[in-house]
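Participant: First the structure, then my questions, so here it is.
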Amino acid sequence: MSDQDNPYYTAYLREKRARVEVEILLEDSTRQLYEKNLQLQAQILQIQQQQQSLIQQEKLATLGVIAAGVAHEINNPLAFIISNVQTLTSYSHSMLTALDEQHAAKVDEAELKYIQSDLMPLITDTVEGLHRITDITKKLLFFARTDMVGTSEVCLQDAVEFALKLLKPQLKQVKLSTSFAKASTIQFNASELNQVLINIIVNAIQACEEVPARQALITIATEQTDTTMVLRIKDNGCGISEDTRAKMFDAFYTTKAVGTGTGVGLSIVQQILQQHQCSIEVQSQLGEGTEIVISFPCTSESEPD
Amino acid sequence: MKGIIFNMLEDMVVTQCGMQVWNELLAKHAPKDRVYLSAKSYAEDELFGMVHDVAQRLNLPAQEVVKAFGRFLFGGLASRHDDVVKRFSDFSSLVLGIHDVIHLEVNKLYHEPSLPTITGKIVSPTRIELTYASPRKLCYCAEGLLYGAAEHFKQSITISHPTCMHHGAEHCTLIIDLQEDSA
């Protein structure tokens, strides 16, 4: 009996057809799955690009704060440097006249004595002002450059003080109290740390502004344990409700008025901290204030107090 | 080697030599109770062993059997994936679309299909030069597949194989000449 006449062969062919049909169904599903997966990957890429653009926007917003702070910090010394240089110019005219024998009589001796006594303080003052400008530009280059990748050893106290310097105009109405652990070195990306600090301190300032009847008070402290450097930023502002606390690190969540906040500030803060193996805790009492506690892993060089 | 290739070999052997021969080939070259599922991978030695056995039984060179299998394989794959073949208007467009269309579709269906590297270029209106490279060196199967595709599109072709991986070349060159009378 040939294969073709064998009823089992007919059954084999039938079963084979059935199997092929099932496999084709499976292939169709696999193909759909593959295509859906490609779509998902494209969407993930798009979302990542959008997130990057939001992060960029947030960085620009921080840059705005930095620019205002820097302008303020540079303007003050610049004002007295200009005034000092004008005075020095006038002194130099008088001194040159005194040196000129023909016109020497025109310069009063008392005036010359005064110039003599004022000259060094004026120069010292000017140099000090120029140092202040150099210092802020140096720190600006370290803490605010956006092209910096990777981490470096950063003094947390320096970073906090720089952020406070930048926020000086906003802190005018705030009573500020700071205390720092002796060696507060952490491993962090300096510009990202600056972004984190500015975000949190600005939030604290804005929380205080919500309660205008009360003297705004912000306390910033660092303390060190064996393994951790802890930064506490406490305000006596409006506080955060439990509902808001649950969502405050979600991207696009904001309690600010439309157009005044992107809603990604704290989500970026959390993302930056997670990337640096740091944790952030929020303790808050509605109407009384908020304390943000950030724990940084210690660098090996840091010694506890 | 994907199970679908074994499935097609089974079809060819059963159709041309009978069920008994396939059972003997399985018993000789595959582990006991082997079943081939299209999407799963199996040792290619099993396939090569079976092909050599068939060649011995038919008293044909192995490369001829591999070529014949390639031709048969195209028919089986085309009937199973008619929608893919229909995307090509003629034989030439299919040959030039092997990498960008056919292999893309294979990648959608099978995990790690270990596809050969195939690139084609039109040398003249009647000649396509194809380069083939694969550690499996199944260039004769590729030749058979091309003959199968030509048959499907009713295109007469001849293929010459001036450089071959079996003779130490890094890749094979397949020169496909299209006969004008059949288009």
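Each chain of the structure tokens is named A, B, ... in the order shown, its residues numbered from 1; ligands are numbered from 1 in display order.
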Can you pull out the residues contacting range 164-173 of chain B? Cut-off 12 Å, using only C-alpha atoms, and skip same-chain residues under 3 positions away; I want them as a PyMOL selection string.
Facilitator: chain B and resi 63+116-121+128-140+142-143+159-161+176
Participant: Okay, now the selection with N, CA and C atoms, as a CSV table (one decimal), in the first residue's frame?
Facilitator:
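After the write, selection37.csv holds the following:
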chain,number,residue,atom,x,y,z
B,63,GLN,N,25.4,18.8,-3.1
B,63,GLN,CA,25.1,20.2,-3.4
B,63,GLN,C,23.9,20.3,-4.3
B,116,PRO,N,21.8,34.7,6.7
B,116,PRO,CA,23.0,35.0,5.9
B,116,PRO,C,23.1,36.5,5.6
B,117,THR,N,24.3,36.9,5.2
B,117,THR,CA,24.4,38.3,4.7
B,117,THR,C,24.3,38.3,3.2
B,118,ILE,N,23.3,38.9,2.6
B,118,ILE,CA,23.1,38.9,1.2
B,118,ILE,C,22.9,40.3,0.7
B,119,THR,N,23.7,40.6,-0.3
B,119,THR,CA,23.5,41.9,-1.0
B,119,THR,C,23.5,41.7,-2.5
B,120,GLY,N,22.6,42.5,-3.1
B,120,GLY,CA,22.4,42.3,-4.5
B,120,GLY,C,22.6,43.6,-5.2
B,121,LYS,N,23.2,43.6,-6.4
B,121,LYS,CA,23.2,44.8,-7.2
B,121,LYS,C,23.0,44.5,-8.7
B,128,ILE,N,22.1,40.4,-12.4
B,128,ILE,CA,22.2,40.8,-11.0
B,128,ILE,C,23.3,40.0,-10.4
B,129,GLU,N,24.1,40.8,-9.6
B,129,GLU,CA,25.2,40.1,-8.9
B,129,GLU,C,24.9,40.1,-7.4
B,130,LEU,N,24.9,38.9,-6.9
B,130,LEU,CA,24.5,38.7,-5.5
B,130,LEU,C,25.7,38.2,-4.7
B,131,THR,N,26.0,38.8,-3.5
B,131,THR,CA,27.0,38.2,-2.7
B,131,THR,C,26.3,37.5,-1.5
B,132,TYR,N,26.8,36.4,-1.1
B,132,TYR,CA,26.3,35.6,-0.1
B,132,TYR,C,27.4,35.2,0.9
B,133,ALA,N,27.1,35.5,2.2
B,133,ALA,CA,28.1,35.0,3.2
B,133,ALA,C,27.3,34.5,4.4
B,134,SER,N,27.7,33.3,4.9
B,134,SER,CA,27.1,32.7,6.1
B,134,SER,C,28.1,31.6,6.6
B,135,PRO,N,28.2,31.5,7.9
B,135,PRO,CA,29.1,30.4,8.4
B,135,PRO,C,28.5,29.1,8.1
B,136,ARG,N,27.2,29.0,7.7
B,136,ARG,CA,26.7,27.7,7.4
B,136,ARG,C,27.0,27.3,5.9
B,137,LYS,N,27.4,28.2,5.2
B,137,LYS,CA,27.8,28.0,3.8
B,137,LYS,C,26.7,27.3,3.0
B,138,LEU,N,25.5,27.8,3.1
B,138,LEU,CA,24.4,27.2,2.4
B,138,LEU,C,24.1,27.9,1.1
B,139,CYS,N,25.2,28.2,0.3
B,139,CYS,CA,25.1,28.9,-0.9
B,139,CYS,C,24.3,28.2,-2.0
B,140,TYR,N,24.4,26.8,-2.0
B,140,TYR,CA,23.7,26.1,-3.0
B,140,TYR,C,22.2,26.1,-2.6
B,142,ALA,N,20.8,28.7,-1.3
B,142,ALA,CA,20.4,30.1,-1.8
B,142,ALA,C,20.2,30.0,-3.3
B,143,GLU,N,21.1,29.3,-4.0
B,143,GLU,CA,20.9,29.1,-5.5
B,143,GLU,C,19.5,28.5,-5.8
B,159,ILE,N,22.3,30.7,-13.3
B,159,ILE,CA,23.1,31.3,-12.2
B,159,ILE,C,24.5,30.7,-12.3
B,160,SER,N,25.5,31.6,-12.3
B,160,SER,CA,26.9,31.1,-12.2
B,160,SER,C,27.4,31.5,-10.8
B,161,HIS,N,28.4,30.7,-10.4
B,161,HIS,CA,28.8,30.8,-9.0
B,161,HIS,C,30.4,30.9,-9.0
B,176,ILE,N,23.4,36.2,-11.6
B,176,ILE,CA,22.1,35.8,-12.1
B,176,ILE,C,21.9,36.4,-13.4
Participant: Env of range 83-88 of chain B: 10 Å cut, atoms = only C-alpha atoms, seq-sep filter 4 positions within chain, self excluded. Answer as a short mmCIF file (atom, residue, chain, number, x, y, z; two decimals) with C-alpha atoms, in the first residue's frame.
Facilitator:
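Contents of the output file selection27.cif:
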data_model
loop_
_atom_site.label_atom_id
_atom_site.label_comp_id
_atom_site.auth_asym_id
_atom_site.auth_seq_id
_atom_site.Cartn_x
_atom_site.Cartn_y
_atom_site.Cartn_z
CA LEU B 77 7.77 29.53 2.18
CA ALA B 78 5.99 31.49 -0.56
CA SER B 79 2.72 29.60 0.00
CA SER B 92 14.51 41.18 -9.73
CA SER B 93 12.73 43.28 -7.11
CA LEU B 94 12.47 40.21 -4.85
CA VAL B 95 16.20 39.48 -5.20
CA LEU B 96 17.09 43.09 -4.44
CA GLY B 97 14.67 43.09 -1.49
CA VAL B 101 12.21 43.17 3.11
CA ILE B 102 12.46 39.39 3.41
CA GLU B 105 10.04 39.82 7.94
CA ALA B 149 11.73 32.44 -6.92
CA HIS B 152 7.33 31.67 -9.13
CA PHE B 153 7.65 34.81 -11.24
#
Participant: Only residues of chain B matter here; which ones have an atom within 7 Å of chain A, counting only C-alpha atoms? Give them as a ChimeraX atom specification.
Facilitator: /B:18-19,108-109
Participant: Run DSSP on the backbone and tell me which residues of range 10-227 of chain A come out as strand (DSSP E); list them as JSON, numbers by chain.
Facilitator: {"A": [152, 153, 154, 155, 174, 175, 176, 177, 178, 179, 185, 186, 187, 188, 216, 217, 218, 219, 220, 221, 222, 223, 224]}
Participant: When you look at range 209-215 of chain A with a cut-off of 10 Å (counting only C-alpha atoms), what residues show up, excluding the ones that are within fewer than 2 positions of it in the same chain? I need them as a PyMOL selection string.
Facilitator: chain A and resi 173-175+203-207+217-218+236-239+287-289
Participant: So that I can check the surroundings of Ala39 in chain B, please list as a list of chain:residue names every protein, DNA and RNA residue that reaches within 8 Å of it, counting only C-alpha atoms and ignoring chain neighbours fewer than 5 positions away.
Facilitator: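 So, after excluding close chain neighbours, the residues are B:Lys2, B:Gly3, B:Ile4, B:Leu109, B:Tyr110, B:His111.
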Participant: Output the selection as a tab-separated table (two decimals), in the first residue's frame - N, CA and C atoms for each residue.
Facilitator:
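Output below, filename part.tsv:
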chain	number	residue	atom	x	y	z
B	2	LYS	N	16.26	26.83	12.08
B	2	LYS	CA	14.86	26.92	12.53
B	2	LYS	C	14.05	25.69	12.10
B	3	GLY	N	13.08	25.34	12.94
B	3	GLY	CA	12.25	24.15	12.69
B	3	GLY	C	11.54	24.19	11.35
B	4	ILE	N	11.20	25.41	10.89
B	4	ILE	CA	10.44	25.50	9.63
B	4	ILE	C	11.24	24.89	8.47
B	109	LEU	N	9.46	37.26	12.83
B	109	LEU	CA	8.84	35.99	13.21
B	109	LEU	C	9.71	35.12	14.10
B	110	TYR	N	11.02	35.17	13.89
B	110	TYR	CA	11.87	34.20	14.58
B	110	TYR	C	12.92	34.90	15.42
B	111	HIS	N	13.12	34.35	16.60
B	111	HIS	CA	14.14	34.88	17.50
B	111	HIS	C	15.51	34.37	17.03
Participant: Rank nothing, just name the residue among B:Ser38, B:Glu44, B:His52, B:Cys141 nearest to Val106 in chain B, using only C-alpha atoms.
Facilitator: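 Result for the nearest residue to Val106 in chain B: B:Ser38.
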Participant: Of the candidates B:Ile175, B:Val14, B:Val65, B:Ala30, which one gets nearest to Ala43 in chain B if we count only C-alpha atoms?
Facilitator: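 So, comparing all the options, the nearest one is B:Ala30.
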Participant: Among chain B, which residues carry a DSSP assignment of alpha helix (DSSP H), reported as a ChimeraX atom specification?
Facilitator: /B:3-17,19-29,44-58,62-80,82-85,91-96,103-109,139-152
Participant: So the first atom is CA of Val196 in chain A and the second is CA of Leu130 in chain A; what is the distance between them in Å, to one decimal place?
Facilitator: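 Between CA of Val196 in chain A and CA of Leu130 in chain A the gap works out to 28.7 Å.
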